[in-house]
Each structure stands twice: as structure tokens, then as C-alpha cells.
Amino acid sequence: MSASPIADRWIVLKFGGTSVSRRHRWNTIGELAKKRADETGGRVLVVVSALSGVTNELTAIADGAADSRARVAALVARHNEFLAELELGEEVLAHRLAALQALLDDPRAASRPLDWQADVLGQGELLSSSVGAAYLRSNGLDFGWMDAREWLHALPPAPNQTAWSQRLSVNCKWQGEADFKQRFSAQPTRMLISQGFIARHEDGGTAILGRGGSDTSAAYFGALLGASRVEIWTDVPGMFSANPKDVPDARLLTRLDYYEAQEIATTGAKVLHPRSIKPCRDAGVPMAILDTERPHMPGTSIDGSAEPVPGVKAISRRNGIVLVSMEGIGMWQQVGFLSDVFNLFKKHGLSVDLIGSAETNVTVSLDPSENLVNTDVLAALSADLSEICKVKVIVPCAAITLVGRGMRSLLYKLSDVWATFGKERVHMISQSSNDLNLTFVIDEADADGLLPILHSELIDSGAMPVYEEQVFGPRWREIIGSIRPRQTPWWQAPGKRQKLLELAAVGTPAYIYDLDKVRERARQLKAIGAIDRRYYAIKANSHPEILRTLAAEGFGLECVSQGEVEMVFASVPGMPAERVLFTPSFAPISEYQAVLARGVTVTVDNVELLQRWPEVFRGRALWLRIDLGHGDGHHKKVNTGGKDSKFGLSALRVDEFIAAARALDIRITGVHAHLGSGIENSGHWKQMVDEMAGFARRIGSVEILDIGGGLPVPYSDDDEPFDLDAWAAGLAEIKAVHPAFQLAIEPGRFMVAESGVLLTHATQVVEKDGVRRVGLDAGMNALLRPALYDAWHDIANLSRLDDARDVDFSVVGPICESSDVFAQRVKLPATTMPEDVMLIADAGAYGFSMASTYNQRALPREDFIDA
């Protein structure tokens, strides 16, 4: 032991059950404790939980399990085995294990009073801390052991507090006597280890802090010592924007203020107990949540100096919520009604969570994590309430909560969230008075699968500002290494970059296409054996070189207008008509006549065509596009299925169409469905083909099922490349189920988006009220997607590609419209200047093909690279 004076600056490290149950993790604990002591020049207090699962066993014993002796014997064996793993002798725990065994023979054991139960429950932490102290000392570390019950004292019982909560769910004093820190710092060792979960009862016995008690113990110690920080070490890297088990794309929250952290912990995050935050908040002690297995991760920092960042930080779900709806005729302005109601909840020991009221109704929610809610309690409560109002209990429900600063000011960004909840049965909507959360209570079964959808909507709308790097860290899938990274863009290769700079010197704005990238995509799809026919949707990009390149790769060409059909035959002389597909929407009948005369395959999507112009279609072989009644896609404007979509024949009218076709001797050889773009849901394709095959069998003459396109493209670093291998495997399984039909696809964006870039020159660089803007000589007339779809395109300064991209810019165009913004918060070099060549990436699809001369701006020019 050190005999010299030791600084009294403290840092508190808490480690949970999973962190103290393995040898390598105790090694980590020792390393971290020494590192913190060395870094701060101060002292370290380590607070530990029981070994993983031990408290559950002790709870069963305290509850009077019939096999309590066998359970104790198993605990003794487990701890001795752990000592052997640590290469420590059994004498280290001999007296502790003897004390545990003696509790079974204690005179109190027969009646199981609360003080005896507390003694039983507290054994786990006493055992684990004793093991840890011995092991760390054996590794040469200057560690002392101390009993938390000598320092943490339970508060006196509050009025109406149950005997159970006075002993087994206590709060502790955290504003100690003036000399507390001085007395505590008199401990002779530089580092100490103690227990979480236990404290001293006012009668001198053991008191239990209850669920999450070890977190709270660490917070109490931190507040009492005025610690420089309280670190909660656990088996996850911190708080996330959602539960990673439900939402793999959830983001690590790297910094929060106390109040946001409190809301997130209270509404569902299990990584930190809500009770632990207040002592540190009131004492001004920063907190951190860190991962024992990933100590290099930044974790979540919680403190009062965090700069407020408006926006939703997290979305959570709590199950098992009970709603109690109380109807009261004449309740309006009736003095004392609510007082009478809540007195009854108090009588039954129930804490109300959410409250909603109307003129004749009050509805409240009960959170099972804060209440002992059971059938008997609810029945007794309902019986009492029925004397003053009509009662309805709704179970089981789920509460889905959005947490963040400035929720009221974010409501306009939540339109997609509101729409999603509009599809469910919402029992209650509650907005907190502190403007930190918004909660929706729905049926528990309806909540399944909802969090990933809502999380994505919050990001897409900007309500969850994941671009704020001081708050949002990496995604869970990045942390565990399950993300497929995007390829390095072709335009970053030195040779290609130089060629692009030369082409930019010819004049901008200019679309440049790399034909090698087009061939790469074509060959990836050609390798998928389950696909029998491949068409390219030329509306994405109809540049003649692209059409010729894909035709040479064996692709057919899909057109949506007579003009596109004529372009195909002009650009690809000798193109066989049977490899051209015409799938129009509300086109003039003259276009059908002209295209049919060329012998191409025509798709129709309504029965009225046959009824109004029977002679145009009589005796023809046609494909039929059916609306399957549902759609999908990355944006509502690319959703092409369902009642609100203009595309496809209603599934309800298929039989009517079949009858009309047979009357005209029309042979339906293909069934087509395309339900949206940017679809990553693997189940989409199976459901789609199953439904199409059902219609095809009813028709009887169908040979081909055309599943459309819509394959996604990774436009940003947050997007993953489409998993073609998984898609191919899924199509093979689908083909095996429906071997009678060929499969056709008709992608557009997937074939060409990444092959194209839009080259521009910077025109001006301007600062306005703290916002830096760089203007381009291209605007929304040249690339409409950002304005039309809120689409993201990466933007780079090609002239300064090697410079650090460390400043946020808004990138705008010269069009006289507020929506002429390519992107906000784009990272560009601080040195960006007028005349720099700027590159907008992944613009090969729906770029030039949607361009216009709005504001009398000239169309961009087009060129290509083929080398």
C-alpha cells in the first residue's frame, strides 16, 4: 500500500454483471482503472454488480424457492469455479460463501422478513467485489476493498412508502456531510473497489437500491465525492437513437445533456437507470456510458455543458403498457374529480405515467417497469373507480416515444411519422410539458416492426439531425462490422479525375458518363441465372452510347413513349423489335398504333383501352400491367402501387380485362408489376412474384413475369450497396416455386446512376448569418432530383480533392427558386473558391433526362469516357 499522500480527485467507474463475469474483462477493469488514475493524477473508485445471473438466483432464494439450498450450492460452485479461472484460492471467498449459506439457517429464513431478503439479495455484490479486489491485487495493482454500506445510507421512509420499498427499493443520501470526501479519501490505497446495489438501512442492516441499483450507487458516490466523472461501463457502447436489436441502423448518441438522457433512459433505454442521472445532474458531475469490450469507442457523454441541438435524438418502445380510460358524465368543471381519481391510484400503489384528458374522459397509462401491475390490482382499481366513473382497461399496449429538444418546433417535420401512425389504432398521444418527448400509445401487436420505419422517417425528414456529429456517432451495424461499404467512386481514380478536369475545361455544366461502370452493372445482372430477360429502362438515361453499350451486353430496352422507341431504333440500328418493350402510362392511342406497327412488345394497364379502341389491339399478343394494391420505395413520389397510384390495372378488374381480351382474340403473354424505386426489402420480391403468378395462372397464357426495376443505389455513405448475391438467391428460390414462368427485369437507375457525374464550376462563395454557401453554374434545371425528391448526391471539389473536407457548405444553383439547393451541410474544403471544378456524384440516372431550360438556362452538355 502507498504511504504517501494521494490526491483526493476521484473518478467513479461502474461495471455491470457481464463486465465482471470473465477473466479478460477483469483485466480490462484493472487496465482502465490504472489508466484513469494515471491520466487524472487522482484516485479511482470501482463499483461493481454481481456476476451475471447471480442476482436472479438470489431473488428466487429470497422469494422462498423450494430448491433454495440447491441454488445456494450452485452459487458456491460457480464462484469457486470462477476463482479457479482467476487462479485464486478458495480461501478468498470462504467467509463470504459461508455467510451466504448461513442465511438459509438464519432464524428469519422461515418467515422471510424484508431485512433477511435484503441480506440475501446483497450477497452477489459482496462476492464479486471481493473476487475482483483479490484478483486485481494479484496483478500488482494498488486496490483496496470497502463495504458500500459504510458510506451509502438509505433516506428515511417517505409518507405512504410501503415497507417493501423502504427496504428493497431505497433512495440514498447523496448530499453528504462536509467531511464526507475527506473521510472517504483517508482510505490508504490509490484505487478502491466497492459494491453497487446495496446501502445501509437506518436500522443498521442492509438496504437494497432496487432495479438498476448499481448505476445509481455509482451516481451517489460520484455526487458525494464531487467526482470528475462517473463512467458506467457495460456491454454496449452507449445510448443509441433506438434499440439496436430492433433498429440495426440506430446511431450511437455521443453527447447528451442530463435532461435528454433522463428522458431516453425513462422511456426505454435499458443501458442506464433513470434514477442514476439526478444525483450527478444536481451535483454537476459528468457521466459517460462506455463499452467494456470496446473501450476505444467514444461512448455517450452526459453533462450540463452539452450544446443544445434541436431535434429528435431517440425513439423507443415500451411494452406491457396498461391504459385506464375513465368516462365521467358531468366531469367537466366538476371540482375535485381528478383528485378523487388519483387518490384511488395512490391507494393501490400505482404511479401514473401519461395523462390525456377531454371534457368527459381522462385516460392514463401505467408503466409496468414502475408499478406492480397485476390482474388483482387492476380489478381492485376498476372496482373503486367504477363508483365515480365508467372504466375501461386496455391491454396490452406499447408506448412509442420520440425524445429530443424542441419537439413542438419539430411537428412540421413529422408528417411521415403522423402518416405511419395513422395506419394504426392510436389510443393516446401525449406531449410532455418540458418539450422533450412525444409519445404514441398503440396496441402492442401493432408496434412490431414499426421502429425501423419510424427511425428511417425521422432521418429522412431531418427531424433526427444525424449530420450533427457532436451528437450522433456511428450506426450499430458499423460498430459490429456488418455493413457492406460502398466502392471507391470511379471518378476518384487519378486518371479518371484528370480526364474529368479536362472535360470540365471544355465547358460546364456537363454530364459525363463512364461506360466501364455501365458494363460492370450489366455484367453483374447477367450473372444472375434466375433472370431470363433483362431490359434497361431508358427513361433513366437515353444517351446513345449508353443504349449501344447495354444492347451490346445483351439487354433489351424498355421505353415509355413513342419518342423513346424511335430513339432506340435510331441509336441502335438493327435492334430486334422483340427486344424492345413499350410500357406507357396514359399515352395517346396514336403512340400505341405506331409502336405496334414496329412489332415491339406492348404493355397495357387498363381495360378501357380495349373497350375504346378494340381494333387497335384485336388479335395482338400483349403484356398486362397489374396494380397489386400496394407500393414501396424510397420516396412517396416513386411509389407506383396502390389506390393512389396512376399505374396499373386494379387487381379487382383483372377478370373484366381477361374477358375483354378474349373477346378480341388478344393473347396475354406477360404480366408486369413495378411497385416503386429504391426497394431494399427482401420480402418485397417474393410477395410480388407470388401475387403475379396467381394472376398469371388465372389468365392461362402467360409466359413471363416482369418484376420491374427499382433496385436501390447507394447515394451516400449511410447507404449500403444492394446485396445482389442475396437478391439472386432469393430469385432462385422464387423461380423454384414458380418454374412455369420466365422472369424479366427492367432496371434503369441501377444500371447508370453511379456511372454519371455532373461537372460544374463554382460561381461564388458566400457567408450569410453563419451559413456558408457555394454557388454552381448548374441549378435545379440541370439536376432536378434534390428539389423534387429531397434526393442526396455526394458533392466534391474536384479541383481540391486531396484537401481536407472539414467545413459545412450549402451548395446552391443560379435558378430563381428557393428549392434550387443541391444539398445542405456538405463537407467541402475551407479553401473552396470560385472557378473550382465541382462534381455532383451518382447523377447518371434521371439527370439529363429530366433537365430543362427553366429561367432560359441552357441544357447541360453530355459526354462520355470509354477507357
# chains A, B, ... in the order shown; residues from 1 in each chain; ligands from 1
$ residues_around --residues "Gly304 of chain A" --least-positions-apart "3" --cutoff "8 Å" --atoms "only C-alpha atoms" --output "list in words"
Asp257, Tyr258, Arg281, Gly284 and Pro286 of chain A
$ residues_around --residues "segment 305-313 of chain A" --least-positions-apart "2" --cutoff "8 Å" --atoms "only C-alpha atoms" --output "PyMOL selection string"
chain A and resi 241+253+255-257+302-303+315+402-407+410+458+463-465+471
$ closest_residue --among "A:Gln562, A:Ser357, A:Thr853, A:Gln492" --to "Glu327 of chain A" --atoms "only C-alpha atoms"
A:Ser357
$ select_by_dssp --residues "segment 372-596 of chain A" --states "strand (DSSP E)" --output "PyMOL selection string"
chain A and resi 390-405+426-431+437-443+472-475+510-514+533-537+556-559+580-582
$ write_last_selection --atoms "C-alpha atoms" --output "CSV table (one decimal), in the first residue's frame"
chain,number,residue,atom,x,y,z
A,390,LYS,CA,-67.1,4.3,-16.3
A,391,VAL,CA,-63.9,2.4,-16.5
A,392,LYS,CA,-62.2,0.6,-19.5
A,393,VAL,CA,-58.8,-1.1,-19.2
A,394,ILE,CA,-56.9,-1.5,-22.5
A,395,VAL,CA,-54.1,-4.1,-22.5
A,396,PRO,CA,-51.5,-4.8,-23.7
A,397,CYS,CA,-50.3,-1.6,-25.3
A,398,ALA,CA,-47.0,-0.2,-26.4
A,399,ALA,CA,-45.7,3.3,-25.9
A,400,ILE,CA,-43.6,4.6,-28.7
A,401,THR,CA,-41.7,7.8,-27.7
A,402,LEU,CA,-39.7,10.3,-29.6
A,403,VAL,CA,-37.2,12.1,-27.4
A,404,GLY,CA,-35.4,15.3,-28.2
A,405,ARG,CA,-35.2,19.1,-27.6
A,426,VAL,CA,-53.7,5.1,-31.7
A,427,HIS,CA,-55.2,5.1,-28.2
A,428,MET,CA,-53.3,8.2,-26.9
A,429,ILE,CA,-50.9,10.9,-28.0
A,430,SER,CA,-49.1,12.7,-25.2
A,431,GLN,CA,-46.6,15.6,-25.5
A,437,ASN,CA,-40.9,13.9,-25.7
A,438,LEU,CA,-43.9,12.9,-27.8
A,439,THR,CA,-45.5,9.6,-27.1
A,440,PHE,CA,-47.9,7.4,-29.1
A,441,VAL,CA,-49.7,4.6,-27.4
A,442,ILE,CA,-50.9,1.8,-29.7
A,443,ASP,CA,-51.8,-1.9,-29.5
A,472,PHE,CA,-24.6,11.3,-33.5
A,473,GLY,CA,-21.9,8.8,-33.9
A,474,PRO,CA,-21.7,5.6,-36.0
A,475,ARG,CA,-24.5,3.2,-36.7
A,510,ALA,CA,-21.7,18.8,-68.3
A,511,TYR,CA,-22.9,15.3,-67.6
A,512,ILE,CA,-20.1,12.8,-68.1
A,513,TYR,CA,-20.7,9.0,-68.2
A,514,ASP,CA,-18.2,6.2,-67.6
A,533,ARG,CA,-34.9,-11.4,-69.7
A,534,ARG,CA,-33.1,-8.1,-68.9
A,535,TYR,CA,-34.3,-4.8,-70.2
A,536,TYR,CA,-32.9,-1.3,-69.5
A,537,ALA,CA,-35.4,1.4,-68.7
A,556,GLY,CA,-33.3,-5.3,-74.2
A,557,LEU,CA,-34.5,-1.7,-74.0
A,558,GLU,CA,-37.7,-0.6,-72.2
A,559,CYS,CA,-39.4,2.6,-73.4
A,580,VAL,CA,-37.8,-3.6,-77.2
A,581,LEU,CA,-40.5,-3.2,-74.6
A,582,PHE,CA,-43.1,-0.4,-74.6
$ residues_around --residues "Ser129 of chain A" --least-positions-apart "4" --cutoff "9 Å" --atoms "only C-alpha atoms" --output "short mmCIF file (atom, residue, chain, number, x, y, z; two decimals) with C-alpha atoms, in the first residue's frame"
data_model
loop_
_atom_site.label_atom_id
_atom_site.label_comp_id
_atom_site.auth_asym_id
_atom_site.auth_seq_id
_atom_site.Cartn_x
_atom_site.Cartn_y
_atom_site.Cartn_z
CA VAL A 20 -17.28 -8.82 -14.06
CA VAL A 47 -18.30 -0.03 -8.28
CA VAL A 48 -19.38 -3.50 -9.38
CA SER A 49 -22.53 -5.55 -9.82
CA ALA A 50 -22.87 -9.23 -9.02
CA GLY A 124 -23.89 -11.08 -5.02
CA GLU A 125 -22.09 -7.73 -5.00
CA ALA A 133 -10.18 -6.93 -5.28
CA ALA A 134 -8.17 -10.09 -4.77
CA TRP A 145 -11.85 -3.13 -0.78
CA MET A 146 -14.60 -1.27 1.03
CA ILE A 193 -13.44 -1.35 -5.23
CA SER A 194 -16.92 -1.41 -3.73
CA GLN A 195 -20.42 -2.69 -4.37
#
$ residues_around --residues "Pro274 of chain A" --least-positions-apart "2" --cutoff "12 Å" --atoms "only C-alpha atoms" --output "PyMOL selection string"
chain A and resi 211-216+219+258-272+276-281+369-370
$ residues_around --residues "segment 763-770 of chain A" --least-positions-apart "5" --cutoff "9 Å" --atoms "only C-alpha atoms" --output "NGL selection string"
:A and (775-777 or 832-836)
$ write_last_selection --atoms "C-alpha atoms" --output "compact mmCIF listing (two decimals), in the first residue's frame"
# COMPACT_ATOMS: atom_id res chain seq x y z
CA GLY A 775 -22.95 28.58 -55.88
CA LEU A 776 -22.66 26.49 -59.04
CA ASP A 777 -23.23 27.21 -62.70
CA THR A 832 -13.14 26.25 -51.89
CA MET A 833 -13.10 29.19 -54.30
CA PRO A 834 -14.94 30.46 -57.40
CA GLU A 835 -13.85 28.69 -60.59
CA ASP A 836 -13.14 25.43 -58.76
$ residues_around --residues "segment 651-666 of chain A" --least-positions-apart "5" --cutoff "9 Å" --atoms "only C-alpha atoms" --output "number ranges by chain"
A: 606-608, 610-611, 614-615, 617-622, 626-629, 695, 698-699
$ write_last_selection --atoms "C-alpha atoms" --output "short mmCIF file (atom, residue, chain, number, x, y, z; two decimals), in the first residue's frame"
data_model
loop_
_atom_site.label_atom_id
_atom_site.label_comp_id
_atom_site.auth_asym_id
_atom_site.auth_seq_id
_atom_site.Cartn_x
_atom_site.Cartn_y
_atom_site.Cartn_z
CA ASN A 606 -56.38 -0.66 -68.28
CA VAL A 607 -59.44 -2.28 -69.78
CA GLU A 608 -60.72 0.99 -71.20
CA LEU A 610 -59.62 -2.37 -75.26
CA GLN A 611 -63.15 -1.05 -74.91
CA PRO A 614 -60.76 -2.58 -79.92
CA GLU A 615 -59.44 -2.69 -83.49
CA PHE A 617 -55.45 -4.33 -80.14
CA ARG A 618 -57.50 -7.11 -81.77
CA GLY A 619 -55.51 -10.29 -82.32
CA ARG A 620 -52.38 -8.92 -80.63
CA ALA A 621 -50.06 -10.50 -78.08
CA LEU A 622 -49.79 -8.08 -75.13
CA ILE A 626 -51.41 -5.03 -62.79
CA ASP A 627 -51.53 -2.84 -59.69
CA LEU A 628 -51.15 -5.35 -56.88
CA GLY A 629 -52.74 -2.92 -54.42
CA PHE A 695 -52.93 -13.78 -61.74
CA ARG A 698 -55.89 -17.33 -63.88
CA ILE A 699 -55.10 -15.82 -67.27
#
$ closest_residue --among "A:Lys526, A:Leu97, A:Ala77, A:Arg785" --to "Leu724 of chain A" --atoms "only C-alpha atoms"
A:Lys526
$ closest_residue --among "A:Phe180, A:Tyr789, A:Tyr846, A:Phe864" --to "Ser819 of chain A" --atoms "only C-alpha atoms"
A:Tyr789
$ closest_residue --among "A:Arg477, A:Met751, A:Gly349, A:Ile321" --to "Arg523 of chain A" --atoms "only C-alpha atoms"
A:Met751
$ select_by_dssp --residues "segment 519-740 of chain A" --states "helix (DSSP H, G or I)" --output "JSON, numbers by chain"
{"A": [519, 520, 521, 522, 523, 524, 525, 526, 544, 545, 546, 547, 548, 549, 550, 551, 552, 562, 563, 564, 565, 566, 567, 568, 569, 570, 571, 577, 578, 579, 589, 590, 591, 592, 593, 594, 595, 596, 597, 598, 607, 608, 609, 610, 611, 612, 614, 615, 616, 617, 636, 637, 638, 651, 652, 653, 654, 655, 656, 657, 658, 659, 660, 661, 662, 663, 682, 683, 684, 685, 686, 687, 688, 689, 690, 691, 692, 693, 694, 695, 696, 697, 698, 699, 724, 725, 726, 727, 728, 729, 730, 731, 732, 733, 734, 735, 736, 737]}
$ decode --residues "segment 359-434 of chain A" --atoms "C-alpha atoms" --output "compact mmCIF listing (two decimals), in the first residue's frame"
# COMPACT_ATOMS: atom_id res chain seq x y z
CA GLU A 359 -64.42 17.06 -21.47
CA THR A 360 -65.83 13.71 -20.43
CA ASN A 361 -62.79 11.44 -20.33
CA VAL A 362 -59.48 11.03 -18.58
CA THR A 363 -57.10 8.32 -19.82
CA VAL A 364 -53.87 7.40 -18.07
CA SER A 365 -51.12 4.89 -18.71
CA LEU A 366 -49.37 2.63 -16.21
CA ASP A 367 -45.80 1.59 -16.96
CA PRO A 368 -45.11 -1.93 -15.58
CA SER A 369 -41.46 -1.05 -15.02
CA GLU A 370 -42.56 1.41 -12.35
CA ASN A 371 -45.57 -0.47 -10.98
CA LEU A 372 -46.52 -3.88 -9.68
CA VAL A 373 -49.37 -4.16 -12.16
CA ASN A 374 -51.29 -7.43 -11.99
CA THR A 375 -54.81 -8.64 -12.57
CA ASP A 376 -55.78 -8.36 -8.92
CA VAL A 377 -54.57 -4.77 -8.63
CA LEU A 378 -56.37 -3.74 -11.84
CA ALA A 379 -59.58 -5.44 -10.74
CA ALA A 380 -59.49 -3.67 -7.37
CA LEU A 381 -58.71 -0.33 -9.01
CA SER A 382 -61.52 -0.77 -11.53
CA ALA A 383 -63.97 -1.64 -8.77
CA ASP A 384 -63.13 1.55 -6.88
CA LEU A 385 -63.12 3.75 -10.00
CA SER A 386 -66.48 2.37 -11.18
CA GLU A 387 -68.13 4.14 -8.25
CA ILE A 388 -67.31 7.53 -9.75
CA CYS A 389 -66.95 6.87 -13.50
CA LYS A 390 -67.14 4.30 -16.27
CA VAL A 391 -63.86 2.37 -16.53
CA LYS A 392 -62.20 0.64 -19.47
CA VAL A 393 -58.84 -1.09 -19.18
CA ILE A 394 -56.93 -1.52 -22.46
CA VAL A 395 -54.08 -4.07 -22.52
CA PRO A 396 -51.53 -4.84 -23.75
CA CYS A 397 -50.32 -1.59 -25.26
CA ALA A 398 -46.97 -0.24 -26.38
CA ALA A 399 -45.74 3.30 -25.88
CA ILE A 400 -43.55 4.61 -28.70
CA THR A 401 -41.74 7.78 -27.66
CA LEU A 402 -39.73 10.34 -29.60
CA VAL A 403 -37.21 12.15 -27.39
CA GLY A 404 -35.39 15.35 -28.21
CA ARG A 405 -35.15 19.05 -27.63
CA GLY A 406 -37.78 21.32 -29.14
CA MET A 407 -40.38 18.69 -30.01
CA ARG A 408 -43.08 21.31 -30.60
CA SER A 409 -41.00 23.10 -33.20
CA LEU A 410 -40.39 19.78 -35.00
CA LEU A 411 -44.02 18.86 -35.59
CA TYR A 412 -43.96 20.10 -39.19
CA LYS A 413 -41.13 17.64 -39.95
CA LEU A 414 -43.10 14.69 -38.59
CA SER A 415 -45.67 14.39 -41.38
CA ASP A 416 -44.43 10.93 -42.40
CA VAL A 417 -44.42 9.82 -38.77
CA TRP A 418 -48.00 11.03 -38.32
CA ALA A 419 -48.98 9.23 -41.52
CA THR A 420 -47.41 5.98 -40.33
CA PHE A 421 -49.25 6.15 -37.02
CA GLY A 422 -52.39 7.00 -38.98
CA LYS A 423 -52.35 3.41 -40.24
CA GLU A 424 -52.51 2.06 -36.67
CA ARG A 425 -55.03 2.24 -33.87
CA VAL A 426 -53.66 5.06 -31.71
CA HIS A 427 -55.16 5.11 -28.21
CA MET A 428 -53.31 8.15 -26.89
CA ILE A 429 -50.91 10.87 -27.97
CA SER A 430 -49.05 12.68 -25.20
CA GLN A 431 -46.64 15.58 -25.47
CA SER A 432 -44.51 16.30 -22.42
CA SER A 433 -44.77 19.69 -20.78
CA ASN A 434 -40.96 20.03 -20.85
